[in-house]
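> I am attaching a structure below and will ask some questions about it afterwards.
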Amino acid sequence: MNITKINGLHGEVTIPGDKSISHRAVMFGALAKGTTEVRNFLQGADCLSTIDCFRKLGIEIENTPDKILIHGKGLNGLSAPAVTLDTGNSGTTTRLISGILAAQPFETTLTGDASIQKRPMKRIIEPLSMMGADIISINGNDCAPLRITGKPLHGIDYHSKVASAQVKSAILLAGLYADGETRVSEPVISRNHSEIMLCYFGADVHTEGKTAIIKPQPDLTAQFVNVPGDISSAAYFIAAGLIVPNSEILIKNVGINPTRDGILKVAIEMGGDITLLNENLDGEPTADILVKSSSLHGITIEGDIIPTLIDELPIINIMAAVADGTTIIKDAAELKVKESNRIDVMVENLSAMGAQITGTDDGMIIEGGKELHGSVIETYADHRIAMSFAIAALIADGETIINGRDVVNISYPTFYEDLEKLKSYS
């Protein structure tokens, strides 16, 4: 895909449903009794992988343009799959479903694409094994494919070394089947969609500080789920509205959960003109986000805020590249084990566009204020890299070529169409 510089973005955009919440709605609906209806479900490849896996586990799921209907059978209603479960590119599917499969009375083989087969699974294998699970990395490298033989589980008090919602959620889901209370503590609180939605479906789950606690064997009951817009997807238009001159964008119905809203805090601290409108703080909080072109300046991003914006750090790199001064990103070593090594990939591609960026062991240092120019961008099959550089291309001199543009289908299939609509108003 070829993209060239523009002078302004204007209009409204409605972001597709939140990926994290869409995954969980299918999973929890499958484990609940009755029919769960999900609106504004994200029809991205990752979430469709979750649907596919649960269909193979014997759950009837109707996927229509307007809604998803999950005909749940209760906690013990899954059946042994006749084939290997393929999670595609979805780390969320792989890790969360492992917590469920660990307790089932059958054996399952779980795999994914080349990227998934390189992503670290020891972080879930270790705690689930402590609960009594039988999980083997078939290639012996602590990655997928995994062979999971269901066993009776017992509750544990686990202290995670990483702040990861996927790790926490896998343990909590296994805790639904345990013989006693399960506790998961984190160094920093990660996104809490699982805790919110499990409560909504009837689980006995609560938090004490940085610890999530779940009691076993609830009767989960089917619910109606209206998925808010994904702030990770909104981040590209937040950045575009800030860095493209003469822009004003209204981003509708975005989830602003405090465990996910780090992009807003960082953008405002950098000098961004951002206003929240029509806030709704019930359940998963939402708001419309009004963004206007701004002069940004560099800041240091580190510590507790990192888990609230880990997926947004690639687009924050783009903002930092055009901001005045230096931006330093620390405590983000997790970037190395995402769909790509996002530290290396951001350094490679931003340097090719003329930015001054240096990778570190746990982040980057970006000397802002450099003029960007077009280049050939390698996405390395990473959706967030593709979307970040589509935004960078809007302010770069000359033509930018993005190889592997269709990888955005993983999380935001209509991204390019939505971007074109905003350009058409300018």
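Identifiers for the structure tokens are assigned positionally: chains receive A, B, ... in sequence, residues are indexed from 1 per chain, and ligands are indexed from 1 in the order shown.
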Can you list, as an mmCIF file with N, CA, C and O atoms, in the first residue's frame, every protein, DNA or RNA residue that comes within 8 Å of Ile274 of chain A when you count only C-alpha atoms, leaving out same-chain residues fewer than 4 positions away?


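Written out: selection.cif:
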data_model
loop_
_atom_site.group_PDB
_atom_site.id
_atom_site.type_symbol
_atom_site.label_atom_id
_atom_site.label_comp_id
_atom_site.auth_asym_id
_atom_site.auth_seq_id
_atom_site.Cartn_x
_atom_site.Cartn_y
_atom_site.Cartn_z
ATOM 1 N N LEU A 264 -4.247 8.134 26.492
ATOM 2 C CA LEU A 264 -4.832 9.458 26.710
ATOM 3 C C LEU A 264 -3.969 10.279 27.656
ATOM 4 O O LEU A 264 -3.711 11.463 27.406
ATOM 5 N N ALA A 267 -0.746 11.282 25.758
ATOM 6 C CA ALA A 267 -1.000 12.288 24.724
ATOM 7 C C ALA A 267 -1.242 13.667 25.334
ATOM 8 O O ALA A 267 -0.733 14.681 24.834
ATOM 9 N N ILE A 268 -1.987 13.709 26.430
ATOM 10 C CA ILE A 268 -2.249 14.994 27.099
ATOM 11 C C ILE A 268 -0.961 15.536 27.721
ATOM 12 O O ILE A 268 -0.663 16.733 27.622
ATOM 13 N N ILE A 289 -14.116 10.875 22.015
ATOM 14 C CA ILE A 289 -12.833 11.557 22.174
ATOM 15 C C ILE A 289 -12.658 12.563 21.043
ATOM 16 O O ILE A 289 -12.629 12.183 19.865
ATOM 17 N N LEU A 290 -12.563 13.846 21.398
ATOM 18 C CA LEU A 290 -12.346 14.902 20.415
ATOM 19 C C LEU A 290 -10.858 15.252 20.409
ATOM 20 O O LEU A 290 -10.285 15.597 21.449
ATOM 21 N N VAL A 291 -10.234 15.169 19.240
ATOM 22 C CA VAL A 291 -8.797 15.380 19.098
ATOM 23 C C VAL A 291 -8.547 16.491 18.081
ATOM 24 O O VAL A 291 -9.149 16.495 17.004
ATOM 25 N N LYS A 292 -7.650 17.419 18.416
ATOM 26 C CA LYS A 292 -7.284 18.504 17.506
ATOM 27 C C LYS A 292 -5.767 18.565 17.352
ATOM 28 O O LYS A 292 -5.017 18.199 18.268
#

> Write out as an NGL selection string all residues of segment 133-206 of chain A that DSSP puts in helix (DSSP H, G or I) for this structure's backbone.

:A and (165-175 or 193-201)

> Once DSSP has gone over the backbone, tell me which residues of segment 205-422 of chain A are in strand (DSSP E or B), as a ChimeraX atom specification.

/A:205-208,211-214,221,224-226,229,248-255,273-280,286-292,297,300-301,324,326-329,356-360,363-367,373,376-378,397,399-403

> Could I get the residues of segment 120-222 of chain A with an atom no further than 12 Å from an atom of segment 17-28 of chain A, each paired with its nearest atom pair and that distance in Å to one decimal, using only C-alpha atoms, sorted by chain and residue number, as CSV?


residue,atom,partner,partner_atom,distance
A:Ala165,CA,A:Ser20,CA,9.6
A:Gln166,CA,A:Ser20,CA,9.6
A:Ser169,CA,A:Arg24,CA,9.6
A:Ala170,CA,A:Arg24,CA,11.2
A:Leu172,CA,A:Phe28,CA,11.8
A:Leu173,CA,A:Phe28,CA,9.2
A:Leu176,CA,A:Phe28,CA,11.0
A:Arg191,CA,A:Ser20,CA,9.3
A:Asn192,CA,A:Ser20,CA,10.0
A:His193,CA,A:Ile21,CA,6.5
A:Ser194,CA,A:Arg24,CA,6.9
A:Glu195,CA,A:Arg24,CA,10.4
A:Ile196,CA,A:Ile21,CA,10.0
A:Met197,CA,A:Arg24,CA,7.7
A:Leu198,CA,A:Phe28,CA,7.2
A:Cys199,CA,A:Phe28,CA,10.6
A:Tyr200,CA,A:Phe28,CA,10.0
A:Phe201,CA,A:Phe28,CA,7.4
A:Gly202,CA,A:Phe28,CA,10.2
A:Ala203,CA,A:Phe28,CA,10.1
A:Asp219,CA,A:Phe28,CA,11.4
A:Leu220,CA,A:Phe28,CA,8.0
A:Thr221,CA,A:Phe28,CA,9.1
A:Ala222,CA,A:Phe28,CA,8.3

> Using only N, CA, C and O atoms, please write the residues we just selected to a file, as an mmCIF file, in the first residue's frame.


data_model
loop_
_atom_site.group_PDB
_atom_site.id
_atom_site.type_symbol
_atom_site.label_atom_id
_atom_site.label_comp_id
_atom_site.auth_asym_id
_atom_site.auth_seq_id
_atom_site.Cartn_x
_atom_site.Cartn_y
_atom_site.Cartn_z
ATOM 1 N N ALA A 165 -2.477 -9.170 31.596
ATOM 2 C CA ALA A 165 -3.881 -9.558 31.708
ATOM 3 C C ALA A 165 -4.103 -10.960 31.175
ATOM 4 O O ALA A 165 -4.996 -11.675 31.644
ATOM 5 N N GLN A 166 -3.309 -11.373 30.187
ATOM 6 C CA GLN A 166 -3.476 -12.715 29.639
ATOM 7 C C GLN A 166 -3.085 -13.780 30.665
ATOM 8 O O GLN A 166 -3.773 -14.787 30.821
ATOM 9 N N SER A 169 -5.714 -13.670 33.500
ATOM 10 C CA SER A 169 -6.997 -14.226 33.071
ATOM 11 C C SER A 169 -6.945 -15.743 32.939
ATOM 12 O O SER A 169 -7.905 -16.439 33.285
ATOM 13 N N ALA A 170 -5.835 -16.275 32.423
ATOM 14 C CA ALA A 170 -5.703 -17.724 32.304
ATOM 15 C C ALA A 170 -5.815 -18.387 33.669
ATOM 16 O O ALA A 170 -6.493 -19.417 33.834
ATOM 17 N N LEU A 172 -7.253 -17.067 36.436
ATOM 18 C CA LEU A 172 -8.605 -16.872 36.967
ATOM 19 C C LEU A 172 -9.594 -17.839 36.328
ATOM 20 O O LEU A 172 -10.482 -18.383 37.007
ATOM 21 N N LEU A 173 -9.451 -18.076 35.028
ATOM 22 C CA LEU A 173 -10.360 -19.004 34.352
ATOM 23 C C LEU A 173 -10.141 -20.427 34.863
ATOM 24 O O LEU A 173 -11.103 -21.177 35.076
ATOM 25 N N LEU A 176 -11.904 -20.960 38.110
ATOM 26 C CA LEU A 176 -13.331 -21.288 38.101
ATOM 27 C C LEU A 176 -13.561 -22.761 38.416
ATOM 28 O O LEU A 176 -14.609 -23.145 38.947
ATOM 29 N N ARG A 191 -4.762 -4.776 32.666
ATOM 30 C CA ARG A 191 -6.162 -4.524 32.288
ATOM 31 C C ARG A 191 -7.091 -5.517 32.976
ATOM 32 O O ARG A 191 -6.768 -6.702 33.139
ATOM 33 N N ASN A 192 -8.265 -5.050 33.361
ATOM 34 C CA ASN A 192 -9.146 -5.834 34.250
ATOM 35 C C ASN A 192 -10.457 -6.234 33.595
ATOM 36 O O ASN A 192 -11.473 -6.418 34.273
ATOM 37 N N HIS A 193 -10.449 -6.396 32.276
ATOM 38 C CA HIS A 193 -11.689 -6.770 31.586
ATOM 39 C C HIS A 193 -12.227 -8.112 32.078
ATOM 40 O O HIS A 193 -13.440 -8.303 32.177
ATOM 41 N N SER A 194 -11.343 -9.060 32.361
ATOM 42 C CA SER A 194 -11.814 -10.370 32.821
ATOM 43 C C SER A 194 -12.551 -10.257 34.151
ATOM 44 O O SER A 194 -13.629 -10.840 34.325
ATOM 45 N N GLU A 195 -11.980 -9.504 35.090
ATOM 46 C CA GLU A 195 -12.615 -9.367 36.394
ATOM 47 C C GLU A 195 -13.994 -8.718 36.261
ATOM 48 O O GLU A 195 -14.973 -9.173 36.872
ATOM 49 N N ILE A 196 -14.090 -7.654 35.453
ATOM 50 C CA ILE A 196 -15.368 -6.959 35.277
ATOM 51 C C ILE A 196 -16.400 -7.891 34.655
ATOM 52 O O ILE A 196 -17.541 -8.017 35.128
ATOM 53 N N MET A 197 -16.003 -8.594 33.575
ATOM 54 C CA MET A 197 -16.987 -9.403 32.864
ATOM 55 C C MET A 197 -17.329 -10.694 33.601
ATOM 56 O O MET A 197 -18.488 -11.140 33.583
ATOM 57 N N LEU A 198 -16.356 -11.304 34.264
ATOM 58 C CA LEU A 198 -16.670 -12.496 35.049
ATOM 59 C C LEU A 198 -17.682 -12.173 36.141
ATOM 60 O O LEU A 198 -18.611 -12.950 36.398
ATOM 61 N N CYS A 199 -17.516 -11.024 36.787
ATOM 62 C CA CYS A 199 -18.495 -10.578 37.793
ATOM 63 C C CYS A 199 -19.881 -10.436 37.158
ATOM 64 O O CYS A 199 -20.887 -10.877 37.726
ATOM 65 N N TYR A 200 -19.922 -9.832 35.996
ATOM 66 C CA TYR A 200 -21.168 -9.593 35.266
ATOM 67 C C TYR A 200 -21.873 -10.912 34.944
ATOM 68 O O TYR A 200 -23.108 -11.010 34.990
ATOM 69 N N PHE A 201 -21.082 -11.950 34.649
ATOM 70 C CA PHE A 201 -21.652 -13.255 34.312
ATOM 71 C C PHE A 201 -21.972 -14.093 35.553
ATOM 72 O O PHE A 201 -22.509 -15.186 35.430
ATOM 73 N N GLY A 202 -21.614 -13.593 36.738
ATOM 74 C CA GLY A 202 -22.017 -14.277 37.955
ATOM 75 C C GLY A 202 -20.908 -14.920 38.755
ATOM 76 O O GLY A 202 -21.182 -15.578 39.770
ATOM 77 N N ALA A 203 -19.658 -14.752 38.363
ATOM 78 C CA ALA A 203 -18.551 -15.328 39.120
ATOM 79 C C ALA A 203 -18.313 -14.528 40.395
ATOM 80 O O ALA A 203 -18.618 -13.332 40.470
ATOM 81 N N ASP A 219 -22.231 -20.613 39.100
ATOM 82 C CA ASP A 219 -23.131 -20.811 37.961
ATOM 83 C C ASP A 219 -23.088 -19.537 37.124
ATOM 84 O O ASP A 219 -23.695 -18.524 37.500
ATOM 85 N N LEU A 220 -22.350 -19.576 36.038
ATOM 86 C CA LEU A 220 -22.320 -18.420 35.140
ATOM 87 C C LEU A 220 -23.615 -18.381 34.341
ATOM 88 O O LEU A 220 -24.105 -19.411 33.877
ATOM 89 N N THR A 221 -24.148 -17.189 34.171
ATOM 90 C CA THR A 221 -25.428 -17.007 33.490
ATOM 91 C C THR A 221 -25.240 -16.119 32.267
ATOM 92 O O THR A 221 -24.557 -15.095 32.329
ATOM 93 N N ALA A 222 -25.840 -16.520 31.151
ATOM 94 C CA ALA A 222 -25.722 -15.772 29.901
ATOM 95 C C ALA A 222 -26.152 -14.315 30.091
ATOM 96 O O ALA A 222 -27.059 -14.021 30.875
#

> As a list in words, please: the residues near Leu281 of chain A (cut-off 12 Å, only C-alpha atoms, same-chain neighbours under 5 positions excluded).

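Non-adjacent residues within range: Pro228, Asn253, Val254, Gly255, Ile256, Asn257, Pro258, Thr286 and Ala287 of chain A.
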
> Mind checking which residues fall within 8 Å of Ala333 of chain A, counting only C-alpha atoms, ignoring those fewer than 2 positions away in the same chain, and posting them as a list in words?

Lys330, Asp331, Leu335, Lys336, Asp361, Asp362 and Gly363 of chain A

> Go ahead and save the picked residues with C-alpha atoms, as an mmCIF file, in the first residue's frame.


data_model
loop_
_atom_site.group_PDB
_atom_site.id
_atom_site.type_symbol
_atom_site.label_atom_id
_atom_site.label_comp_id
_atom_site.auth_asym_id
_atom_site.auth_seq_id
_atom_site.Cartn_x
_atom_site.Cartn_y
_atom_site.Cartn_z
ATOM 1 C CA LYS A 330 11.405 2.508 29.835
ATOM 2 C CA ASP A 331 10.121 -0.670 31.518
ATOM 3 C CA LEU A 335 7.516 -5.215 23.478
ATOM 4 C CA LYS A 336 10.097 -7.816 22.491
ATOM 5 C CA ASP A 361 16.901 -3.257 26.597
ATOM 6 C CA ASP A 362 13.476 -2.149 27.796
ATOM 7 C CA GLY A 363 12.310 0.556 25.397
#

> Between A:Asn7, A:Gln217, A:Thr327, A:Ser233, single out the one closest to Val266 of chain A, counting only C-alpha atoms.

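Closest to Val266 of chain A of all the choices is A:Thr327.
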
> Contacts of Ala239 of chain A at 12 Å or less, counting only C-alpha atoms, minus same-chain residues fewer than 2 places along, as a short mmCIF file (atom, residue, chain, number, x, y, z; two decimals) with N, CA, C and O atoms, in the first residue's frame?


data_model
loop_
_atom_site.label_atom_id
_atom_site.label_comp_id
_atom_site.auth_asym_id
_atom_site.auth_seq_id
_atom_site.Cartn_x
_atom_site.Cartn_y
_atom_site.Cartn_z
N LEU A 9 -7.11 16.13 8.60
CA LEU A 9 -8.10 15.06 8.75
C LEU A 9 -9.29 15.63 9.50
O LEU A 9 -9.12 16.30 10.52
N ILE A 231 -9.90 1.12 22.48
CA ILE A 231 -9.00 2.28 22.61
C ILE A 231 -7.66 2.02 21.93
O ILE A 231 -7.00 2.95 21.45
N SER A 232 -7.25 0.74 21.82
CA SER A 232 -6.01 0.44 21.11
C SER A 232 -6.15 0.76 19.63
O SER A 232 -5.17 1.16 18.98
N SER A 233 -7.34 0.58 19.08
CA SER A 233 -7.58 0.95 17.68
C SER A 233 -7.80 2.45 17.54
O SER A 233 -7.36 3.08 16.56
N ALA A 234 -8.47 3.05 18.53
CA ALA A 234 -8.67 4.50 18.51
C ALA A 234 -7.34 5.25 18.57
O ALA A 234 -7.23 6.38 18.07
N ALA A 235 -6.32 4.63 19.15
CA ALA A 235 -5.03 5.29 19.35
C ALA A 235 -4.44 5.83 18.04
O ALA A 235 -3.79 6.88 18.03
N TYR A 236 -4.68 5.13 16.93
CA TYR A 236 -4.11 5.58 15.65
C TYR A 236 -4.75 6.88 15.20
O TYR A 236 -4.07 7.76 14.66
N PHE A 237 -6.04 7.03 15.46
CA PHE A 237 -6.72 8.27 15.08
C PHE A 237 -6.48 9.38 16.10
O PHE A 237 -6.49 10.56 15.74
N GLY A 241 -4.91 12.72 14.63
CA GLY A 241 -5.51 14.02 14.89
C GLY A 241 -4.54 15.00 15.52
O GLY A 241 -4.62 16.21 15.28
N LEU A 242 -3.60 14.48 16.32
CA LEU A 242 -2.63 15.35 16.98
C LEU A 242 -1.52 15.80 16.05
O LEU A 242 -1.08 16.96 16.09
N ILE A 243 -1.02 14.90 15.19
CA ILE A 243 0.21 15.21 14.46
C ILE A 243 -0.01 15.68 13.02
O ILE A 243 0.89 16.30 12.45
N VAL A 244 -1.18 15.40 12.44
CA VAL A 244 -1.45 15.90 11.09
C VAL A 244 -1.97 17.33 11.21
O VAL A 244 -2.97 17.57 11.89
N PRO A 245 -1.32 18.29 10.58
CA PRO A 245 -1.76 19.70 10.71
C PRO A 245 -3.21 19.88 10.27
O PRO A 245 -3.74 19.13 9.43
N SER A 247 -6.13 19.38 11.69
CA SER A 247 -7.02 18.22 11.88
C SER A 247 -7.93 18.40 13.09
O SER A 247 -7.56 19.03 14.09
N GLU A 248 -9.12 17.83 12.98
CA GLU A 248 -10.05 17.72 14.09
C GLU A 248 -10.87 16.47 13.88
O GLU A 248 -11.60 16.35 12.89
N ILE A 249 -10.76 15.51 14.80
CA ILE A 249 -11.41 14.22 14.66
C ILE A 249 -12.22 13.91 15.92
O ILE A 249 -11.73 14.08 17.04
N ILE A 251 -13.82 10.76 17.77
CA ILE A 251 -13.78 9.30 17.80
C ILE A 251 -14.87 8.83 18.75
O ILE A 251 -14.85 9.14 19.94
N ILE A 263 -2.78 5.80 26.87
CA ILE A 263 -2.55 6.59 25.65
C ILE A 263 -3.12 8.00 25.82
O ILE A 263 -2.52 8.98 25.36
N LEU A 264 -4.25 8.13 26.49
CA LEU A 264 -4.83 9.46 26.71
C LEU A 264 -3.97 10.28 27.66
O LEU A 264 -3.71 11.46 27.41
N VAL A 266 -0.75 9.96 28.26
CA VAL A 266 0.51 10.32 27.60
C VAL A 266 0.30 11.42 26.56
O VAL A 266 1.07 12.38 26.49
N ALA A 267 -0.75 11.28 25.76
CA ALA A 267 -1.00 12.29 24.72
C ALA A 267 -1.24 13.67 25.33
O ALA A 267 -0.73 14.68 24.83
N ILE A 268 -1.99 13.71 26.43
CA ILE A 268 -2.25 14.99 27.10
C ILE A 268 -0.96 15.54 27.72
O ILE A 268 -0.66 16.73 27.62
N MET A 270 1.96 15.11 26.66
CA MET A 270 2.82 15.59 25.56
C MET A 270 2.32 16.90 24.97
O MET A 270 2.97 17.47 24.08
N GLY A 271 1.18 17.37 25.45
CA GLY A 271 0.64 18.63 24.96
C GLY A 271 -0.54 18.49 24.03
O GLY A 271 -0.97 19.47 23.40
N GLY A 272 -1.09 17.31 23.94
CA GLY A 272 -2.19 17.05 23.02
C GLY A 272 -3.49 17.71 23.45
O GLY A 272 -3.82 17.74 24.64
N ASP A 273 -4.24 18.22 22.47
CA ASP A 273 -5.55 18.83 22.70
C ASP A 273 -6.60 17.73 22.58
O ASP A 273 -7.03 17.37 21.48
N ILE A 274 -7.01 17.18 23.72
CA ILE A 274 -7.94 16.05 23.77
C ILE A 274 -9.04 16.36 24.77
O ILE A 274 -8.78 16.77 25.90
N ILE A 289 -14.12 10.88 22.01
CA ILE A 289 -12.83 11.56 22.17
C ILE A 289 -12.66 12.56 21.04
O ILE A 289 -12.63 12.18 19.86
N LEU A 290 -12.56 13.85 21.40
CA LEU A 290 -12.35 14.90 20.41
C LEU A 290 -10.86 15.25 20.41
O LEU A 290 -10.29 15.60 21.45
N VAL A 291 -10.23 15.17 19.24
CA VAL A 291 -8.80 15.38 19.10
C VAL A 291 -8.55 16.49 18.08
O VAL A 291 -9.15 16.49 17.00
N LYS A 292 -7.65 17.42 18.42
CA LYS A 292 -7.28 18.50 17.51
C LYS A 292 -5.77 18.56 17.35
O LYS A 292 -5.02 18.20 18.27
N SER A 293 -5.32 19.04 16.20
CA SER A 293 -3.89 19.18 15.94
C SER A 293 -3.20 19.94 17.06
O SER A 293 -3.73 20.92 17.59
N SER A 294 -2.01 19.48 17.44
CA SER A 294 -1.31 20.04 18.60
C SER A 294 0.20 20.03 18.37
O SER A 294 0.72 19.22 17.59
N SER A 295 0.88 20.91 19.07
CA SER A 295 2.34 20.88 19.12
C SER A 295 2.74 20.02 20.31
O SER A 295 2.47 20.38 21.46
N LEU A 296 3.39 18.91 20.02
CA LEU A 296 3.73 17.95 21.06
C LEU A 296 5.17 18.14 21.53
O LEU A 296 6.02 18.65 20.79
N GLU A 312 -0.09 0.38 22.64
CA GLU A 312 -0.09 1.68 21.96
C GLU A 312 1.32 2.26 21.82
O GLU A 312 1.48 3.32 21.21
N LEU A 313 2.32 1.62 22.35
CA LEU A 313 3.67 2.18 22.29
C LEU A 313 4.20 2.36 20.85
O LEU A 313 4.89 3.34 20.58
N PRO A 314 3.86 1.49 19.89
CA PRO A 314 4.31 1.78 18.52
C PRO A 314 3.78 3.12 17.98
O PRO A 314 4.55 3.90 17.41
N ILE A 315 2.52 3.42 18.18
CA ILE A 315 1.99 4.69 17.67
C ILE A 315 2.49 5.85 18.53
O ILE A 315 2.69 6.96 18.02
N ILE A 316 2.75 5.62 19.81
CA ILE A 316 3.35 6.67 20.64
C ILE A 316 4.76 7.00 20.12
O ILE A 316 5.18 8.15 20.14
N ASN A 317 5.47 5.99 19.61
CA ASN A 317 6.77 6.24 18.96
C ASN A 317 6.64 7.23 17.81
O ASN A 317 7.50 8.09 17.61
N ILE A 318 5.57 7.10 17.04
CA ILE A 318 5.36 8.01 15.90
C ILE A 318 5.12 9.42 16.41
O ILE A 318 5.68 10.39 15.90
N MET A 319 4.30 9.56 17.44
CA MET A 319 4.07 10.86 18.04
C MET A 319 5.38 11.47 18.55
O MET A 319 5.66 12.66 18.35
N ALA A 320 6.18 10.63 19.21
CA ALA A 320 7.45 11.11 19.76
C ALA A 320 8.41 11.56 18.68
O ALA A 320 9.19 12.50 18.88
N ALA A 321 8.37 10.90 17.52
CA ALA A 321 9.30 11.23 16.44
C ALA A 321 9.09 12.64 15.91
O ALA A 321 10.03 13.27 15.41
N VAL A 322 7.86 13.16 16.01
CA VAL A 322 7.58 14.51 15.49
C VAL A 322 7.47 15.54 16.62
O VAL A 322 7.35 16.73 16.35
N ALA A 323 7.50 15.08 17.87
CA ALA A 323 7.41 16.00 19.00
C ALA A 323 8.73 16.74 19.19
O ALA A 323 9.80 16.26 18.80
N MET A 387 -0.47 -0.23 11.12
CA MET A 387 -1.32 0.93 11.35
C MET A 387 -0.51 2.14 11.82
O MET A 387 -0.78 3.27 11.44
N SER A 388 0.51 1.90 12.63
CA SER A 388 1.34 3.01 13.10
C SER A 388 2.02 3.72 11.95
O SER A 388 2.06 4.96 11.89
N PHE A 389 2.54 2.97 11.01
CA PHE A 389 3.27 3.60 9.91
C PHE A 389 2.34 4.14 8.82
O PHE A 389 2.73 5.02 8.06
N ALA A 390 1.10 3.66 8.78
CA ALA A 390 0.11 4.31 7.92
C ALA A 390 -0.14 5.74 8.41
O ALA A 390 -0.33 6.66 7.61
N ILE A 391 -0.11 5.93 9.73
CA ILE A 391 -0.28 7.28 10.28
C ILE A 391 0.99 8.10 10.06
O ILE A 391 0.92 9.28 9.67
N ALA A 392 2.16 7.51 10.28
CA ALA A 392 3.42 8.23 10.06
C ALA A 392 3.51 8.72 8.62
O ALA A 392 4.01 9.83 8.35
N LEU A 394 1.30 9.86 6.75
CA LEU A 394 0.47 11.04 6.49
C LEU A 394 1.24 12.34 6.67
O LEU A 394 0.82 13.40 6.18
N ILE A 395 2.38 12.31 7.40
CA ILE A 395 3.16 13.52 7.64
C ILE A 395 4.56 13.43 7.04
O ILE A 395 5.39 14.31 7.27
#

> Taking only C-alpha atoms into account, which of A:Leu372, A:Ile189, A:Leu48, A:Val408 comes nearest Asn63 of chain A?

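Ranked by minimum distance to Asn63 of chain A, first place goes to A:Leu48.
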
> Report as JSON, numbers by chain all protein, DNA and RNA residues lying within 10 Å of segment 151-164 of chain A, evaluated on only C-alpha atoms, omitting residues in the same chain fewer than 4 positions from it.

{"A": [101, 102, 103, 104, 105, 106, 107, 123, 124, 127, 128, 129, 130, 131, 132, 133, 134, 135, 168, 169, 171, 172, 174, 175, 176, 177, 178, 179, 180, 181, 182, 183, 184, 185, 186, 187, 188, 189, 190, 191, 192, 210, 211, 212, 213, 214, 215, 216, 304, 306, 307, 308, 334]}
